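> Sharing final_14.tsv, TSV, C-alpha atoms:
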chain	number	residue	atom	x	y	z
A	1	MET	CA	0.00	0.00	0.00
A	2	GLU	CA	1.38	3.42	-0.98
A	3	PHE	CA	-1.13	5.50	1.01
A	4	GLY	CA	0.69	7.54	3.64
A	5	ARG	CA	4.15	6.55	2.50
A	6	VAL	CA	6.98	8.87	3.55
A	7	ASP	CA	10.70	8.84	2.84
A	8	GLU	CA	12.49	6.39	5.12
A	9	GLN	CA	14.74	9.21	6.34
A	10	LEU	CA	11.69	10.86	7.93
A	11	LEU	CA	10.40	7.85	9.85
A	12	ASP	CA	12.43	8.54	12.98
A	13	SER	CA	10.82	11.98	13.30
A	14	ILE	CA	7.19	10.76	13.18
A	15	ASP	CA	5.11	10.40	16.33
A	16	PHE	CA	3.60	6.96	15.88
A	17	SER	CA	1.74	6.96	19.20
A	18	LEU	CA	-1.95	6.18	18.97
A	19	PRO	CA	-4.52	8.77	20.13
A	20	ALA	CA	-6.00	8.44	23.58
A	21	GLU	CA	-9.14	6.35	23.85
A	22	PRO	CA	-12.11	8.51	22.72
A	23	LEU	CA	-14.95	8.88	25.23
A	24	PHE	CA	-17.23	8.04	22.31
A	25	ASN	CA	-16.08	4.40	22.53
A	26	LYS	CA	-17.74	3.98	25.92
A	27	THR	CA	-21.09	4.30	24.18
A	28	VAL	CA	-20.17	1.37	21.91
A	29	LEU	CA	-18.34	-1.13	24.11
A	30	SER	CA	-20.14	-2.77	27.04
A	31	GLY	CA	-17.24	-2.49	29.47
A	32	LYS	CA	-17.10	-6.26	29.97
A	33	ALA	CA	-15.07	-8.82	28.07
A	34	VAL	CA	-17.03	-10.95	25.59
A	35	LYS	CA	-16.62	-14.71	25.91
A	36	ASP	CA	-15.08	-16.22	22.76
A	37	ALA	CA	-14.38	-12.86	21.10
A	38	LYS	CA	-13.04	-13.40	17.59
A	39	VAL	CA	-9.67	-12.16	16.31
A	40	TYR	CA	-8.73	-12.35	12.63
A	41	LEU	CA	-5.43	-11.36	11.07
A	42	GLY	CA	-4.36	-11.29	7.46
A	43	CYS	CA	-2.91	-9.42	4.50
A	44	ALA	CA	-4.50	-7.73	1.48
A	45	LYS	CA	-3.53	-10.34	-1.15
A	46	TRP	CA	-2.52	-13.96	-1.24
A	47	GLY	CA	-0.94	-13.69	-4.70
A	48	ARG	CA	2.53	-12.62	-3.60
A	49	THR	CA	5.23	-14.25	-5.69
A	50	GLU	CA	7.82	-12.97	-3.18
A	51	TRP	CA	6.46	-15.50	-0.68
A	52	VAL	CA	7.34	-18.49	-2.86
A	53	GLY	CA	10.24	-20.20	-1.12
A	54	LYS	CA	9.53	-18.16	2.01
A	55	ILE	CA	6.14	-19.35	3.27
A	56	TYR	CA	4.86	-20.95	0.07
A	57	PRO	CA	6.74	-24.09	-1.06
A	58	PRO	CA	9.32	-23.57	-3.82
A	59	LYS	CA	7.85	-23.61	-7.34
A	60	THR	CA	4.29	-23.11	-6.03
A	61	LYS	CA	2.04	-22.09	-8.93
A	62	GLU	CA	-0.14	-19.00	-8.62
A	63	LYS	CA	-3.34	-21.07	-8.74
A	64	ASP	CA	-2.23	-22.77	-5.53
A	65	PHE	CA	-1.26	-19.65	-3.56
A	66	LEU	CA	-4.58	-19.42	-1.69
A	67	LYS	CA	-4.50	-23.00	-0.39
A	68	HIS	CA	-1.12	-22.22	1.17
A	69	TYR	CA	-2.13	-18.75	2.39
A	70	VAL	CA	-4.91	-20.18	4.58
A	71	GLU	CA	-2.30	-22.22	6.46
A	72	HIS	CA	-0.60	-19.01	7.64
A	73	TYR	CA	-3.44	-16.51	8.18
A	74	ASN	CA	-7.09	-16.74	9.22
A	75	SER	CA	-8.45	-13.88	7.10
A	76	ILE	CA	-7.75	-11.67	4.12
A	77	GLU	CA	-8.61	-8.09	3.24
A	78	LEU	CA	-9.62	-9.02	-0.25
A	79	ASN	CA	-8.54	-6.23	-2.59
A	80	ALA	CA	-9.17	-8.35	-5.69
A	81	THR	CA	-12.91	-7.58	-5.52
A	82	HIS	CA	-12.12	-3.86	-5.73
A	83	TYR	CA	-10.81	-4.25	-9.28
A	84	LYS	CA	-13.24	-6.79	-10.71
A	85	VAL	CA	-16.77	-8.01	-10.01
A	86	TYR	CA	-16.47	-11.75	-9.44
A	87	GLY	CA	-19.27	-14.20	-9.96
A	88	GLU	CA	-20.58	-16.56	-7.31
A	89	ALA	CA	-18.76	-19.53	-8.88
A	90	GLY	CA	-15.43	-17.78	-8.46
A	91	THR	CA	-15.90	-16.80	-4.83
A	92	ARG	CA	-17.27	-20.25	-4.01
A	93	LYS	CA	-14.08	-21.77	-5.39
A	94	TRP	CA	-12.01	-19.49	-3.15
A	95	ALA	CA	-14.14	-20.43	-0.15
A	96	GLU	CA	-13.43	-24.11	-0.87
A	97	ALA	CA	-9.76	-23.45	-0.08
A	98	ALA	CA	-10.78	-22.47	3.46
A	99	LYS	CA	-13.21	-25.33	4.00
A	100	GLY	CA	-13.17	-26.55	7.59
A	101	LYS	CA	-11.29	-23.48	8.84
A	102	ASP	CA	-12.47	-20.43	10.76
A	103	PHE	CA	-11.31	-18.17	7.94
A	104	LYS	CA	-12.88	-14.91	6.77
A	105	PHE	CA	-12.75	-13.16	3.40
A	106	CYS	CA	-13.33	-9.41	3.76
A	107	PRO	CA	-14.06	-8.22	0.22
A	108	LYS	CA	-13.42	-4.62	-0.76
A	109	MET	CA	-16.30	-2.91	-2.59
A	110	TYR	CA	-15.86	-2.68	-6.35
A	111	GLN	CA	-14.17	0.54	-7.51
A	112	GLY	CA	-16.85	1.08	-10.14
A	113	VAL	CA	-19.18	1.90	-7.28
A	114	THR	CA	-16.89	3.84	-4.96
A	115	HIS	CA	-14.33	5.57	-7.18
A	116	ARG	CA	-16.13	6.36	-10.43
A	117	GLY	CA	-18.56	9.24	-10.33
A	118	SER	CA	-21.44	9.62	-7.92
A	119	LEU	CA	-22.62	6.94	-5.50
A	120	LYS	CA	-26.12	7.65	-6.75
A	121	GLY	CA	-27.57	5.34	-9.37
A	122	LYS	CA	-25.22	2.48	-8.49
A	123	ASP	CA	-27.90	-0.02	-7.47
A	124	PHE	CA	-27.29	-2.44	-10.34
A	125	ILE	CA	-23.52	-2.74	-10.02
A	126	THR	CA	-23.79	-2.85	-6.22
A	127	ASN	CA	-26.22	-5.75	-6.47
A	128	GLU	CA	-23.90	-7.54	-8.92
A	129	PHE	CA	-21.11	-7.21	-6.37
A	130	PHE	CA	-23.34	-8.78	-3.70
A	131	ARG	CA	-24.47	-11.55	-6.06
A	132	GLY	CA	-20.84	-12.55	-6.38
A	133	ILE	CA	-19.72	-12.48	-2.76
A	134	VAL	CA	-22.56	-14.72	-1.53
A	135	GLY	CA	-20.35	-17.57	-2.72
A	136	PHE	CA	-18.17	-17.09	0.34
A	137	GLU	CA	-21.08	-18.29	2.53
A	138	GLU	CA	-19.92	-18.84	6.14
A	139	HIS	CA	-16.47	-17.56	5.23
A	140	LEU	CA	-17.78	-14.08	4.39
A	141	GLY	CA	-16.45	-11.49	6.82
A	142	PRO	CA	-17.15	-7.74	6.92
A	143	ILE	CA	-17.33	-5.86	3.64
A	144	PHE	CA	-14.86	-3.02	3.29
A	145	VAL	CA	-16.11	0.16	1.56
A	146	GLN	CA	-13.49	2.77	0.69
A	147	VAL	CA	-14.16	6.09	-1.02
A	148	SER	CA	-11.44	8.00	-2.84
A	149	ASP	CA	-8.96	10.43	-1.28
A	150	THR	CA	-10.82	13.31	-2.95
A	151	PHE	CA	-14.22	12.37	-1.50
A	152	SER	CA	-14.77	15.18	1.00
A	153	PRO	CA	-17.49	15.94	3.58
A	154	LYS	CA	-19.08	18.22	1.00
A	155	ARG	CA	-20.56	14.96	-0.33
A	156	LYS	CA	-21.51	13.62	3.10
A	157	GLN	CA	-25.22	13.23	2.39
A	158	GLU	CA	-24.49	11.26	-0.77
A	159	LEU	CA	-22.21	8.97	1.27
A	160	PHE	CA	-24.60	8.57	4.19
A	161	ASP	CA	-27.54	7.84	1.88
A	162	TYR	CA	-25.56	5.16	0.05
A	163	MET	CA	-24.35	3.49	3.23
A	164	ALA	CA	-27.91	3.53	4.61
A	165	SER	CA	-29.11	1.68	1.48
A	166	LEU	CA	-26.82	-1.30	2.04
A	167	PRO	CA	-28.18	-4.64	3.33
A	168	LYS	CA	-28.72	-4.67	7.08
A	169	ASP	CA	-27.82	-8.34	7.46
A	170	LEU	CA	-24.22	-7.78	6.43
A	171	GLN	CA	-21.46	-6.00	8.35
A	172	PHE	CA	-19.79	-3.07	6.62
A	173	PHE	CA	-16.78	-0.94	7.45
A	174	LEU	CA	-16.15	2.43	5.80
A	175	GLU	CA	-12.83	4.14	5.12
A	176	VAL	CA	-12.65	7.84	4.29
A	177	ARG	CA	-9.35	9.56	3.55
A	178	HIS	CA	-9.99	13.22	2.79
A	179	PRO	CA	-8.40	15.23	5.66
A	180	ASP	CA	-11.55	17.32	6.16
A	181	TRP	CA	-13.37	14.30	7.67
A	182	PHE	CA	-10.97	14.47	10.62
A	183	GLY	CA	-9.94	18.12	10.77
A	184	LYS	CA	-13.03	19.71	12.33
A	185	GLU	CA	-14.66	18.34	15.46
A	186	GLU	CA	-18.21	18.99	14.22
A	187	ILE	CA	-17.68	17.06	10.99
A	188	ARG	CA	-15.76	14.29	12.73
A	189	ASN	CA	-18.45	13.81	15.36
A	190	GLU	CA	-21.24	13.75	12.77
A	191	PHE	CA	-19.36	11.15	10.75
A	192	PHE	CA	-18.82	8.72	13.62
A	193	THR	CA	-22.29	9.28	15.09
A	194	THR	CA	-23.94	8.57	11.73
A	195	LEU	CA	-21.96	5.35	11.28
A	196	LYS	CA	-22.95	4.23	14.76
A	197	GLN	CA	-26.61	4.86	13.96
A	198	LEU	CA	-26.25	2.83	10.75
A	199	ASN	CA	-24.40	-0.02	12.55
A	200	ILE	CA	-21.44	0.48	10.22
A	201	GLY	CA	-17.84	0.32	11.42
A	202	ALA	CA	-15.19	2.97	10.83
A	203	VAL	CA	-11.96	1.65	9.34
A	204	ILE	CA	-8.85	2.66	11.29
A	205	THR	CA	-5.81	3.12	9.04
A	206	ASP	CA	-2.40	3.45	10.69
A	207	THR	CA	0.11	4.79	8.17
A	208	ALA	CA	3.14	7.03	8.59
A	209	GLY	CA	2.10	10.03	6.51
A	210	ARG	CA	-1.57	10.30	7.59
A	211	ARG	CA	-1.74	10.06	11.35
A	212	ASP	CA	-5.28	11.53	11.32
A	213	CYS	CA	-6.59	8.27	9.82
A	214	ALA	CA	-5.55	6.40	12.98
A	215	HIS	CA	-8.52	7.97	14.73
A	216	MET	CA	-9.30	5.18	17.26
A	217	HIS	CA	-13.08	5.71	17.08
A	218	LEU	CA	-15.30	2.64	17.34
A	219	THR	CA	-18.84	2.83	15.96
A	220	VAL	CA	-19.69	-0.87	16.43
A	221	PRO	CA	-18.19	-3.40	18.89
A	222	LYS	CA	-16.00	-4.67	16.06
A	223	VAL	CA	-12.86	-3.13	14.61
A	224	PHE	CA	-11.17	-3.18	11.18
A	225	ILE	CA	-7.53	-2.08	11.36
A	226	ARG	CA	-5.34	-1.43	8.30
A	227	TYR	CA	-1.77	-1.30	9.53
A	228	VAL	CA	0.83	-0.03	7.05
A	229	GLY	CA	4.37	-1.00	8.02
A	230	ASN	CA	7.59	0.33	6.58
A	231	SER	CA	9.35	-2.84	5.45
A	232	LEU	CA	10.75	-3.84	8.86
A	233	HIS	CA	11.97	-0.42	9.92
A	234	LYS	CA	12.60	-0.49	13.67
A	235	SER	CA	9.43	1.54	14.28
A	236	ASP	CA	7.29	-1.29	12.87
A	237	TYR	CA	8.00	-3.37	15.95
A	238	THR	CA	7.28	-0.70	18.56
A	239	ARG	CA	4.10	0.24	16.70
A	240	CYS	CA	2.95	-3.39	16.85
A	241	ASP	CA	3.61	-3.40	20.60
A	242	VAL	CA	1.34	-0.39	21.05
A	243	TRP	CA	-1.38	-1.96	18.91
A	244	VAL	CA	-1.34	-5.12	21.00
A	245	ASP	CA	-1.91	-3.02	24.12
A	246	ARG	CA	-4.85	-1.22	22.51
A	247	MET	CA	-6.47	-4.37	21.13
A	248	LYS	CA	-6.09	-6.06	24.52
A	249	HIS	CA	-7.82	-3.10	26.18
A	250	TRP	CA	-10.67	-3.22	23.67
A	251	MET	CA	-11.16	-6.94	24.23
A	252	GLN	CA	-11.32	-6.37	27.98
A	253	GLN	CA	-13.96	-3.68	27.36
A	254	GLY	CA	-16.25	-5.79	25.18
A	255	MET	CA	-14.84	-5.96	21.65
A	256	GLU	CA	-16.63	-8.77	19.81
A	257	GLU	CA	-14.54	-9.07	16.65
A	258	THR	CA	-11.11	-7.73	15.70
A	259	TYR	CA	-9.79	-7.67	12.13
A	260	PHE	CA	-6.16	-6.63	11.73
A	261	PHE	CA	-4.67	-6.43	8.23
A	262	MET	CA	-0.94	-6.22	7.67
A	263	HIS	CA	0.20	-3.99	4.83
A	264	MET	CA	3.74	-3.13	3.81
A	265	HIS	CA	5.26	-0.87	1.20
A	266	ASP	CA	7.35	-3.95	0.42
A	267	GLU	CA	4.88	-6.80	0.84
A	268	ALA	CA	7.69	-9.35	0.69
A	269	THR	CA	8.37	-8.59	4.36
A	270	SER	CA	4.78	-8.89	5.64
A	271	PRO	CA	5.23	-12.47	6.95
A	272	GLU	CA	8.21	-11.48	9.13
A	273	LEU	CA	6.33	-8.70	10.91
A	274	THR	CA	3.25	-10.90	11.17
A	275	VAL	CA	5.23	-13.48	13.14
A	276	TYR	CA	6.40	-10.79	15.55
A	277	LEU	CA	2.88	-9.43	15.97
A	278	VAL	CA	1.17	-12.79	16.42
A	279	ASP	CA	3.70	-13.95	19.00
A	280	LYS	CA	3.02	-10.76	20.96
A	281	MET	CA	-0.77	-11.05	20.61
A	282	ASN	CA	-0.81	-14.69	21.67
A	283	LYS	CA	1.29	-13.94	24.73
A	284	GLU	CA	-0.37	-10.70	25.86
A	285	MET	CA	-3.96	-11.38	24.81
A	286	GLY	CA	-4.18	-15.10	25.61
A	287	LEU	CA	-4.84	-16.07	21.99
A	288	ASN	CA	-3.83	-18.98	19.83
A	289	LEU	CA	-3.61	-17.35	16.41
A	290	ILE	CA	-1.82	-19.11	13.58
A	291	LYS	CA	1.19	-17.39	12.07
A	292	PRO	CA	3.37	-17.74	8.97
A	293	LYS	CA	5.61	-20.78	9.00
A	294	PHE	CA	8.83	-20.25	7.07
A	295	ILE	CA	10.27	-22.79	4.68
A	296	GLU	CA	13.24	-24.59	6.24
A	297	GLY	CA	16.43	-22.90	5.18
A	298	GLY	CA	14.53	-19.75	4.18
A	299	VAL	CA	13.97	-16.50	6.07
A	300	SER	CA	14.37	-16.58	9.85
A	301	GLU	CA	11.18	-16.88	11.88
A	302	LYS	CA	12.37	-14.21	14.31
A	303	PRO	CA	13.72	-11.35	12.23
A	304	LYS	CA	15.68	-8.58	13.88
A	305	PRO	CA	14.39	-4.99	13.66
A	306	LYS	CA	15.96	-3.19	10.73
A	307	GLN	CA	18.74	-0.92	11.98
A	308	ARG	CA	19.74	2.32	10.32
A	309	GLY	CA	23.33	2.35	9.08
A	310	LEU	CA	25.78	5.15	9.68
A	311	PHE	CA	25.12	6.76	6.31
A	312	ASP	CA	21.42	5.83	5.87
Will you turn the file into structure tokens for me?

Amino acid sequence: MEFGRVDEQLLDSIDFSLPAEPLFNKTVLSGKAVKDAKVYLGCAKWGRTEWVGKIYPPKTKEKDFLKHYVEHYNSIELNATHYKVYGEAGTRKWAEAAKGKDFKFCPKMYQGVTHRGSLKGKDFITNEFFRGIVGFEEHLGPIFVQVSDTFSPKRKQELFDYMASLPKDLQFFLEVRHPDWFGKEEIRNEFFTTLKQLNIGAVITDTAGRRDCAHMHLTVPKVFIRYVGNSLHKSDYTRCDVWVDRMKHWMQQGMEETYFFMHMHDEATSPELTVYLVDKMNKEMGLNLIKPKFIEGGVSEKPKPKQRGLFD
């Protein structure tokens, strides 16, 4: 993911601390831990050729990537559905790869709906998108709706009307990126309050160059986190530590479902940071999440934080 990318030389000067817990969240979480709360962790794509020989067996063909991916992660933020409307047969075939596993596909809404023109008059293509994703059946997780970086609060009614029209029996999370959604308290409060009323989650995106998108507001007792690492820079590890503390707090306060998606500017290194994060989550949160298993003789399971050289 390129969103929020900054020059590596600037990373040491960025305050990566997460905002304090908003009072708003007390109106969403019960204050008591939920028995058998669910935690899902994944990446955005399974089709990473860089993982062949690392976590996928050598010479693995692309058609077999998914069946290996589900052995390392229990969910995926499915960006493929953002670029193409898939039919039910296609998504059902993907779901077959996860048969017997507690695995969730979290499809991203098709860009023809969210990034091309107005959200009005998109009923047909929206319905085609839904006709396709029903093939995931019990493996269907929340649906991720993202509007473009230029979509500002000036179009808020258009956005709210569209989100209100979506099926009530499915869980949606919405990501907005225009800075004006977060810059003024009145607009920010209206945004989160409206999502809460619609039972729609607010995506939290933690990326170096847009700290406003790591807003920490919960509008449903479920959370969808898009974490953007910096290819094993030393800050990636301390940031993960802070996220484990926050997720643990939310679980103690009544979080029902947590979805955490690992992004990197260099996706080849996502498995290494995932191992670090999962080990920390399992230890601190009392979980038993699966994690990437490296091919013998390949990359180390416990990578060291990337150190800056003298002339870096």
> Show me, as JSON, the centre and edge lengths in Å to one decimal of the axis-aligned box that covers every listed atom of stretch 48-51 of chain A with 4 Å on each side.

{"center_x": 5.2, "center_y": -14.1, "center_z": -3.2, "size_x": 13.3, "size_y": 10.9, "size_z": 13.0}
> Quick check, in Å to one decimal: how far apart do atom CA of A:Ile125 and atom CA of A:Glu77 lie?
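Distance between the two atoms: 20.7 Å.
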> Using all atoms listed in the file, find the one residue out of A:Met109, A:Val6, A:Met1, A:Val203 that sits nearest to A:Val220.
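Answer, going by the shortest atom-to-atom distance: A:Val203.
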> (-25.7, 1.2, -0.3) in this file's frame - what residues fall within 10 Å of it? Use only C-alpha atoms and give the answer as a PyMOL selection string.
chain A and resi 113+119-120+122-123+126-127+145+159-168
> Please build the interface table for stretch 120-209 of chain A against stretch 252-274 of chain A with a cut-off of 10 Å, listing for each qualifying residue the nearest atom pair and the distance in Å to one decimal; count all atoms listed in the file, order rows by chain and increasing number, and write it as CSV.

residue,atom,partner,partner_atom,distance
A:Gly141,CA,A:Tyr259,CA,9.3
A:Pro142,CA,A:Tyr259,CA,9.0
A:Val203,CA,A:Tyr259,CA,10.0
A:Ile204,CA,A:Phe260,CA,9.7
A:Thr205,CA,A:Phe261,CA,9.7
A:Asp206,CA,A:His263,CA,9.8
A:Thr207,CA,A:His263,CA,9.4
> Save out the residues we just selected, C-alpha atoms, as a PDB file, in the coordinates of the input.

ATOM      1  CA  GLY A 141     -16.450 -11.490   6.820  1.00  0.00           C
ATOM      2  CA  PRO A 142     -17.150  -7.740   6.920  1.00  0.00           C
ATOM      3  CA  VAL A 203     -11.960   1.650   9.340  1.00  0.00           C
ATOM      4  CA  ILE A 204      -8.850   2.660  11.290  1.00  0.00           C
ATOM      5  CA  THR A 205      -5.810   3.120   9.040  1.00  0.00           C
ATOM      6  CA  ASP A 206      -2.400   3.450  10.690  1.00  0.00           C
ATOM      7  CA  THR A 207       0.110   4.790   8.170  1.00  0.00           C
TER       8      THR A 207
END
> To one decimal place, how far is atom CA of A:Thr194 from atom CA of A:Pro107 in Å?
22.6 Å
> To one decimal in Å, tell me the separation between atom CA of A:Arg155 and atom CA of A:Leu18.
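The value is 28.2 Å.
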> Using all atoms listed in the file, which residues sit within 12 Å of A:Asn282 once same-chain residues fewer than 3 positions away are excluded, as a ChimeraX atom specification?
/A:39,244-245,247-248,274-279,285-291
> Go through A:Lys26, A:Lys38, A:His72, A:Lys156 one by one, measure the shortest atom-to-atom distance of each to A:Val223 using all atoms listed in the file, and give the residue with the smallest value.
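So, comparing all the options, the nearest one is A:Lys38.
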> Got a sec to check which residues sit within 12 Å of (-22.6, 0.9, 24.1), counting all atoms listed in the file, and write them as a list in words?
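Residues lying no farther than 12 Å from the given point: Leu23, Phe24, Asn25, Lys26, Thr27, Val28, Leu29, Ser30, Gly31, Lys32, Lys196, Gln197, Asn199, Leu218, Thr219, Val220, Pro221, Lys222, Gln253, Gly254 and Met255 of chain A.
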> Between A:Arg210, A:Arg48, A:His68, A:His215, which is the closest to A:Arg188 once you count all atoms listed in the file?
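Between A:Arg210, A:Arg48, A:His68, A:His215, the residue approaching A:Arg188 most closely is A:His215.
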> Skip stretch 49-54 of chain A itself and residues of its chain fewer than 2 positions away, then list as a ChimeraX atom specification all residues within 10 Å of it, counting all atoms listed in the file.
/A:46-47,56-62,65,69,266-272,292-300
> Determine, using only C-alpha atoms, which residues of stretch 83-175 of chain A have any atom at most 9 Å from an atom of stretch 179-185 of chain A, and tabulate each with its shortest atom pair and distance in Å to one decimal place, rows ordered by chain and then rising number, as CSV.

residue,atom,partner,partner_atom,distance
A:Asp149,CA,A:Pro179,CA,8.5
A:Ser152,CA,A:Asp180,CA,6.4
A:Pro153,CA,A:Trp181,CA,6.0
> Measuring between all atoms listed in the file, which one of A:Arg177, A:Gly132, A:Ala214, A:Gly121 shows the shortest distance to A:Ser148?
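Of A:Arg177, A:Gly132, A:Ala214, A:Gly121, the one nearest A:Ser148 is A:Arg177, counting all atoms listed in the file.
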> Which residue gives the smallest distance to A:Thr81 among A:Gly112, A:Gly42, A:Gly209, A:Gly229, with all atoms listed in the file counted?
A:Gly112
